[in-house]
Amino acid sequence: MTRFAEAAAILSSGATARAFAAAAVEVGRADGPIWQQAFGTLTYEPDSPAATTGTIFDLASLTKVIATTTLAMRLMDDEALALEERVAEWLPEWRGADREAATVRDLLEHASGLPAYLPFFRDHTGRAEFEPAICHVALECAPRERAIYSDLGFMLLGFIIEDARSGRPPRPAGVLDPSTLLAAQFHRLASFLTPEPLAFKPPREWRGRTAPTEIDRWRGRLLAGEVHDENAWALGGAAGHAGLFGTAPAVGAFARAILHTIRGDAVLAQPSTLREFMRRGTVPGSSRALGWDTMLPTSSCGTRMSPTAIGHTGFTGTSLWIDGERDLYIVLLTNRVYPTRDNERIRPIRPRFHDAVIAAL
């Protein structure tokens, strides 16, 4: 589309420079998409298929907002979960004076004091092993002292969300597998939102249209249709912090549901609940809302979005930004970690791309 020629040129150049092998974009408003396009090929092999708008990507940490944060909102509307509930009320292993005050809100705001990341996959498998291991980790600071973007906190949120539907501790036998309960909860929501692929643990028949991620040394193979994040893999492929796969149109359908909810339609949650989740928190120096990040001119969204815009990025090279004031969403999905996560060339591309989209509008 001529209107988005500059934005398209930025992504085309990015594919040529091997910032990513494949990319797909959807830009739209509440009433539908206004630009869809794909760039590059699924890998750098000479016979690799071209990327299309139907290419499926590992969404990585977009899982945190599309699945975990949204499911948390819906549970709160059902009065099955509350922001000010203490983590210890849900997870009995969360014990100690240093963490006793931490709440569900703190997990959502990345303000629990938990570290950003630890390679639990090396020694642990499944929720039964991950949950106590995370609960016993030394905190890096007191809750709400500062924000530390934490995969660990969102793993715990995934466990809490499961229990909010299946029953508070002590849990019934046989419900310790987040890759079953969390995936099932999200599947019901996703099937309501879109017929496009959007799921944890994608079926084998999706693999031919899925952009590979990394040649993983731990698993000894190129990952295609298999979650890139090792901790999510050790949790069975579905976790609160990572595991979702989907297309740009599928993520766009979710973004439109957010925009309709902002307008006042109870699509994903009660509008008042979403407004609370969009509001930047009070943790010193943090741009985080509940689950979401908020607009900063130095972030991946560039310099032109409204101050109330919300968004998130994913480690594999994905991003979603939603600007309610402009009635606008921008989905950018790539596999920048192919063939190695050491590729950081996407960093300057993201803000330039978002600025070019808004300039075109």
# chains A, B, ... in the order shown; residues from 1 in each chain; ligands from 1
$ residues_around --residues "A:Arg144" --least-positions-apart "4" --cutoff "9 Å" --atoms "only C-alpha atoms" --output "count of residues only"
10
$ select_by_dssp --residues "stretch 74-120 of chain A" --states "alpha helix (DSSP H)" --output "list in words"
Arg74, Leu75, Met76, Asp77, Val87, Ala88, Glu89, Trp90, Val104, Arg105, Asp106, Leu107 and Leu108 of chain A
$ residues_around --residues "A:Leu11" --least-positions-apart "2" --cutoff "12 Å" --atoms "only C-alpha atoms" --output "number ranges by chain"
A: 4-9, 13-25, 37-40, 332-334, 336, 345-346, 348-354, 356-357
$ write_last_selection --atoms "N, CA and C atoms" --output "short mmCIF file (atom, residue, chain, number, x, y, z; two decimals), in the first residue's frame"
data_model
loop_
_atom_site.label_atom_id
_atom_site.label_comp_id
_atom_site.auth_asym_id
_atom_site.auth_seq_id
_atom_site.Cartn_x
_atom_site.Cartn_y
_atom_site.Cartn_z
N PHE A 4 1.71 3.40 3.14
CA PHE A 4 2.66 2.92 4.14
C PHE A 4 4.00 2.55 3.51
N ALA A 5 4.34 3.21 2.41
CA ALA A 5 5.56 2.86 1.68
C ALA A 5 6.81 3.01 2.53
N GLU A 6 6.88 4.07 3.33
CA GLU A 6 8.08 4.28 4.15
C GLU A 6 8.20 3.19 5.22
N ALA A 7 7.09 2.88 5.89
CA ALA A 7 7.12 1.83 6.91
C ALA A 7 7.48 0.49 6.28
N ALA A 8 6.93 0.21 5.09
CA ALA A 8 7.24 -1.04 4.40
C ALA A 8 8.71 -1.10 4.01
N ALA A 9 9.25 0.02 3.58
CA ALA A 9 10.67 0.06 3.18
C ALA A 9 11.58 -0.24 4.37
N SER A 13 14.04 -3.41 4.27
CA SER A 13 15.48 -3.25 4.50
C SER A 13 15.94 -4.10 5.68
N GLY A 14 15.10 -4.21 6.70
CA GLY A 14 15.43 -5.04 7.84
C GLY A 14 15.59 -6.50 7.47
N ALA A 15 14.71 -6.99 6.59
CA ALA A 15 14.85 -8.37 6.12
C ALA A 15 16.12 -8.55 5.30
N THR A 16 16.42 -7.58 4.45
CA THR A 16 17.64 -7.65 3.64
C THR A 16 18.89 -7.64 4.50
N ALA A 17 18.87 -6.84 5.58
CA ALA A 17 20.01 -6.74 6.48
C ALA A 17 20.07 -7.87 7.50
N ARG A 18 19.13 -8.80 7.41
CA ARG A 18 19.05 -9.95 8.30
C ARG A 18 18.85 -9.56 9.76
N ALA A 19 18.06 -8.51 9.95
CA ALA A 19 17.57 -8.23 11.30
C ALA A 19 16.56 -9.29 11.71
N PHE A 20 15.95 -9.91 10.72
CA PHE A 20 15.00 -11.01 10.88
C PHE A 20 14.87 -11.67 9.52
N ALA A 21 14.51 -12.94 9.53
CA ALA A 21 14.26 -13.62 8.26
C ALA A 21 12.87 -13.29 7.74
N ALA A 22 11.88 -13.35 8.63
CA ALA A 22 10.48 -13.17 8.24
C ALA A 22 9.83 -12.10 9.12
N ALA A 23 8.89 -11.38 8.54
CA ALA A 23 8.11 -10.41 9.30
C ALA A 23 6.71 -10.33 8.71
N ALA A 24 5.75 -10.05 9.59
CA ALA A 24 4.38 -9.80 9.16
C ALA A 24 3.83 -8.66 10.00
N VAL A 25 3.05 -7.79 9.36
CA VAL A 25 2.54 -6.61 10.03
C VAL A 25 1.04 -6.50 9.79
N GLN A 37 0.82 -6.81 5.53
CA GLN A 37 1.88 -7.12 4.57
C GLN A 37 2.90 -8.03 5.25
N ALA A 38 3.59 -8.82 4.45
CA ALA A 38 4.64 -9.70 4.96
C ALA A 38 5.93 -9.43 4.22
N PHE A 39 7.04 -9.78 4.86
CA PHE A 39 8.38 -9.48 4.33
C PHE A 39 9.29 -10.67 4.57
N GLY A 40 10.22 -10.88 3.65
CA GLY A 40 11.26 -11.88 3.83
C GLY A 40 10.79 -13.30 3.60
N LEU A 332 3.53 -6.11 14.93
CA LEU A 332 4.75 -6.44 14.18
C LEU A 332 5.30 -7.75 14.73
N LEU A 333 5.30 -8.78 13.89
CA LEU A 333 5.80 -10.10 14.27
C LEU A 333 7.00 -10.45 13.40
N THR A 334 8.08 -10.88 14.03
CA THR A 334 9.28 -11.31 13.30
C THR A 334 9.87 -12.53 14.01
N ARG A 336 13.31 -12.67 14.74
CA ARG A 336 14.65 -12.08 14.78
C ARG A 336 15.66 -13.00 15.47
N ARG A 345 19.71 -6.70 15.74
CA ARG A 345 19.54 -5.66 14.72
C ARG A 345 18.13 -5.06 14.68
N ILE A 346 17.16 -5.72 15.30
CA ILE A 346 15.79 -5.21 15.26
C ILE A 346 15.61 -3.98 16.15
N PRO A 348 16.85 -0.82 16.58
CA PRO A 348 16.57 0.50 16.02
C PRO A 348 15.43 0.48 14.99
N ILE A 349 15.09 -0.68 14.48
CA ILE A 349 14.05 -0.78 13.46
C ILE A 349 12.67 -0.54 14.05
N ARG A 350 12.41 -1.11 15.22
CA ARG A 350 11.07 -1.02 15.81
C ARG A 350 10.57 0.42 15.97
N PRO A 351 11.30 1.32 16.66
CA PRO A 351 10.77 2.68 16.81
C PRO A 351 10.64 3.42 15.49
N ARG A 352 11.59 3.22 14.56
CA ARG A 352 11.48 3.87 13.25
C ARG A 352 10.23 3.39 12.52
N PHE A 353 9.95 2.12 12.59
CA PHE A 353 8.77 1.56 11.93
C PHE A 353 7.49 2.15 12.51
N HIS A 354 7.38 2.17 13.83
CA HIS A 354 6.15 2.71 14.44
C HIS A 354 5.96 4.20 14.13
N ALA A 356 6.99 5.69 11.47
CA ALA A 356 6.61 5.79 10.06
C ALA A 356 5.14 5.45 9.85
N VAL A 357 4.64 4.48 10.58
CA VAL A 357 3.21 4.14 10.47
C VAL A 357 2.34 5.32 10.88
#
$ residues_around --residues "stretch 253-263 of chain A" --least-positions-apart "2" --cutoff "8 Å" --atoms "only C-alpha atoms" --output "tab-separated table (two decimals) with N, CA and C atoms, in the first residue's frame"
chain	number	residue	atom	x	y	z
A	28	GLY	N	-4.35	-1.44	12.17
A	28	GLY	CA	-5.80	-1.34	12.03
A	28	GLY	C	-6.44	-0.45	13.08
A	29	ARG	N	-7.75	-0.38	12.96
A	29	ARG	CA	-8.59	0.36	13.90
A	29	ARG	C	-9.64	-0.60	14.45
A	30	ALA	N	-10.51	-0.11	15.31
A	30	ALA	CA	-11.49	-0.99	15.93
A	30	ALA	C	-12.38	-1.67	14.90
A	31	ASP	N	-12.60	-1.00	13.76
A	31	ASP	CA	-13.51	-1.57	12.77
A	31	ASP	C	-12.81	-2.46	11.75
A	32	GLY	N	-11.48	-2.67	11.90
A	32	GLY	CA	-10.82	-3.62	11.01
A	32	GLY	C	-9.42	-3.19	10.61
A	66	ILE	N	-1.60	-10.91	26.04
A	66	ILE	CA	-2.72	-11.49	25.30
A	66	ILE	C	-3.41	-12.57	26.13
A	193	LEU	N	-12.54	-14.99	19.92
A	193	LEU	CA	-12.00	-13.77	19.32
A	193	LEU	C	-11.76	-13.89	17.82
A	194	THR	N	-11.23	-15.05	17.37
A	194	THR	CA	-10.77	-15.13	15.99
A	194	THR	C	-10.68	-16.57	15.52
A	249	PRO	N	-2.81	-11.36	11.82
A	249	PRO	CA	-4.26	-11.11	11.90
A	249	PRO	C	-4.88	-11.60	13.20
A	250	ALA	N	-4.36	-12.68	13.78
A	250	ALA	CA	-4.90	-13.15	15.06
A	250	ALA	C	-4.61	-12.14	16.17
A	251	VAL	N	-3.37	-11.64	16.21
A	251	VAL	CA	-3.02	-10.62	17.21
A	251	VAL	C	-3.82	-9.34	16.94
A	265	ASP	N	-17.45	-1.32	25.27
A	265	ASP	CA	-18.09	-2.61	25.07
A	265	ASP	C	-17.35	-3.67	25.89
A	266	ALA	N	-18.08	-4.47	26.66
A	266	ALA	CA	-17.44	-5.47	27.52
A	266	ALA	C	-17.07	-6.70	26.70
A	267	VAL	N	-16.05	-6.56	25.86
A	267	VAL	CA	-15.63	-7.66	24.98
A	267	VAL	C	-14.66	-8.58	25.71
A	268	LEU	N	-13.54	-8.01	26.17
A	268	LEU	CA	-12.54	-8.81	26.89
A	268	LEU	C	-12.75	-8.77	28.40
A	269	ALA	N	-13.28	-7.67	28.89
A	269	ALA	CA	-13.49	-7.48	30.32
A	269	ALA	C	-14.41	-6.28	30.47
A	270	GLN	N	-14.78	-5.97	31.69
A	270	GLN	CA	-15.51	-4.74	31.91
A	270	GLN	C	-14.60	-3.55	31.55
A	271	PRO	N	-15.12	-2.54	30.86
A	271	PRO	CA	-14.27	-1.40	30.48
A	271	PRO	C	-13.55	-0.78	31.67
A	274	LEU	N	-10.45	-2.85	32.38
A	274	LEU	CA	-9.38	-2.58	31.42
A	274	LEU	C	-8.73	-1.23	31.69
A	275	ARG	N	-9.52	-0.21	32.02
A	275	ARG	CA	-8.95	1.11	32.30
A	275	ARG	C	-7.97	1.02	33.48
A	322	ILE	N	-1.08	-0.53	21.15
A	322	ILE	CA	-2.49	-0.15	21.00
A	322	ILE	C	-2.66	1.27	21.54
A	324	GLY	N	-5.50	3.84	22.15
A	324	GLY	CA	-6.94	4.06	22.20
A	324	GLY	C	-7.35	5.45	21.76
A	327	ASP	N	-7.48	5.36	18.14
A	327	ASP	CA	-8.20	4.20	17.60
A	327	ASP	C	-7.27	3.45	16.64
A	328	LEU	N	-6.15	2.97	17.18
A	328	LEU	CA	-5.09	2.42	16.34
A	328	LEU	C	-4.39	1.27	17.05
A	329	TYR	N	-4.07	0.23	16.28
A	329	TYR	CA	-3.18	-0.80	16.79
A	329	TYR	C	-2.14	-1.13	15.72
$ residues_around --residues "stretch 287-299 of chain A" --least-positions-apart "2" --cutoff "7 Å" --atoms "only C-alpha atoms" --output "list in words"
Lys64, Val65, Thr69, Leu108, Glu109, Phe277, Met278, Arg279, Arg280, Gly281, Gly285, Cys301, Gly302, Thr303, Pro307, Thr308, Ala309, Ile310, Gly311 and His312 of chain A
$ closest_residue --among "A:Trp321, A:Trp94, A:Tyr149, A:Phe245" --to "A:Thr213" --atoms "only C-alpha atoms"
A:Phe245
$ select_by_dssp --residues "stretch 52-143 of chain A" --states "strand (DSSP E or B)" --output "MDAnalysis selection string"
chainID A and resid 56:58 86 103
$ closest_residue --among "A:Leu91, A:Ala164, A:Ala190, A:Ala360" --to "A:Glu79" --atoms "only C-alpha atoms"
A:Ala164
$ closest_residue --among "A:Leu182, A:Gly246, A:Arg99, A:Asp342" --to "A:Trp206" --atoms "only C-alpha atoms"
A:Gly246
$ residues_around --residues "A:Arg209" --least-positions-apart "3" --cutoff "8 Å" --atoms "only C-alpha atoms" --output "list in words"
Gly54, Thr55, Ile56 and Trp206 of chain A
$ residues_around --residues "A:Thr68" --least-positions-apart "6" --cutoff "12 Å" --atoms "only C-alpha atoms" --output "PDB file with C-alpha atoms, in the first residue's frame"
ATOM      1  CA  SER A  61       6.209 -12.420  25.858  1.00  0.00           C
ATOM      2  CA  LEU A  62       3.124 -11.172  24.038  1.00  0.00           C
ATOM      3  CA  ARG A  74     -11.741 -11.756  33.390  1.00  0.00           C
ATOM      4  CA  LEU A  75     -11.211 -13.556  36.694  1.00  0.00           C
ATOM      5  CA  LEU A 107       3.204  -9.623  40.065  1.00  0.00           C
ATOM      6  CA  LEU A 108       1.292  -7.878  37.272  1.00  0.00           C
ATOM      7  CA  ASP A 151       9.356 -13.878  33.710  1.00  0.00           C
ATOM      8  CA  GLY A 153       6.475 -13.397  38.369  1.00  0.00           C
ATOM      9  CA  PHE A 154       4.359 -14.198  35.327  1.00  0.00           C
ATOM     10  CA  MET A 155       4.994 -17.915  35.713  1.00  0.00           C
ATOM     11  CA  LEU A 156       3.484 -17.590  39.189  1.00  0.00           C
ATOM     12  CA  LEU A 157       0.560 -15.601  37.762  1.00  0.00           C
ATOM     13  CA  GLY A 158      -0.091 -18.464  35.368  1.00  0.00           C
ATOM     14  CA  PHE A 159      -0.293 -20.864  38.325  1.00  0.00           C
ATOM     15  CA  ILE A 160      -2.624 -18.515  40.233  1.00  0.00           C
ATOM     16  CA  ILE A 161      -4.909 -18.112  37.207  1.00  0.00           C
ATOM     17  CA  GLU A 162      -5.211 -21.890  36.929  1.00  0.00           C
ATOM     18  CA  PRO A 178      -0.204 -25.451  33.665  1.00  0.00           C
ATOM     19  CA  LEU A 182      -3.807 -22.417  31.234  1.00  0.00           C
ATOM     20  CA  ALA A 183      -3.951 -23.476  27.586  1.00  0.00           C
ATOM     21  CA  GLN A 185      -8.647 -21.366  29.557  1.00  0.00           C
ATOM     22  CA  PHE A 186      -7.043 -19.347  26.794  1.00  0.00           C
ATOM     23  CA  LEU A 189     -11.160 -17.062  24.822  1.00  0.00           C
ATOM     24  CA  PHE A 200      -0.452 -22.575  23.062  1.00  0.00           C
ATOM     25  CA  ALA A 238       2.323 -23.220  27.988  1.00  0.00           C
ATOM     26  CA  ALA A 239       3.153 -20.801  30.780  1.00  0.00           C
ATOM     27  CA  GLY A 240       2.177 -17.407  32.114  1.00  0.00           C
ATOM     28  CA  HIS A 241       5.171 -15.698  30.539  1.00  0.00           C
ATOM     29  CA  ALA A 242       5.508 -17.368  27.115  1.00  0.00           C
ATOM     30  CA  GLY A 243       4.183 -20.091  24.845  1.00  0.00           C
ATOM     31  CA  LEU A 244       1.592 -18.502  22.543  1.00  0.00           C
ATOM     32  CA  LEU A 290      -0.871  -4.068  35.025  1.00  0.00           C
ATOM     33  CA  GLY A 291       0.710  -6.533  32.622  1.00  0.00           C
ATOM     34  CA  TRP A 292       1.123  -3.893  29.930  1.00  0.00           C
TER      35      TRP A 292
END
$ closest_residue --among "A:Asp98, A:Glu45, A:Asp58, A:Glu89" --to "A:Ser319" --atoms "only C-alpha atoms"
A:Asp58
$ closest_residue --among "A:Asp323, A:Glu226, A:Glu214, A:Asp77" --to "A:Glu276" --atoms "only C-alpha atoms"
A:Asp77
$ atom_distance --atom1 "atom CA of A:Trp90" --atom2 "atom CA of A:Arg188"
23.5 Å
$ closest_residue --among "A:Phe121, A:Phe57, A:Leu83, A:Ile134" --to "A:Arg95" --atoms "only C-alpha atoms"
A:Ile134
$ decode --residues "stretch 94-112 of chain A" --atoms "C-alpha atoms" --output "compact mmCIF listing (two decimals), in the first residue's frame"
# COMPACT_ATOMS: atom_id res chain seq x y z
CA TRP A 94 5.54 -18.22 49.08
CA ARG A 95 6.70 -17.72 52.66
CA GLY A 96 8.96 -15.26 54.48
CA ALA A 97 8.88 -11.80 56.02
CA ASP A 98 10.66 -10.32 52.98
CA ARG A 99 7.81 -11.28 50.62
CA GLU A 100 4.75 -11.64 52.82
CA ALA A 101 3.22 -8.36 51.59
CA ALA A 102 3.55 -9.11 47.85
CA THR A 103 0.22 -9.11 46.00
CA VAL A 104 -1.24 -10.16 42.68
CA ARG A 105 -0.99 -6.50 41.65
CA ASP A 106 2.75 -6.60 42.34
CA LEU A 107 3.20 -9.62 40.07
CA LEU A 108 1.29 -7.88 37.27
CA GLU A 109 3.36 -4.69 37.68
CA HIS A 110 6.67 -6.61 37.81
CA ALA A 111 7.10 -5.22 41.32
CA SER A 112 7.28 -8.35 43.47
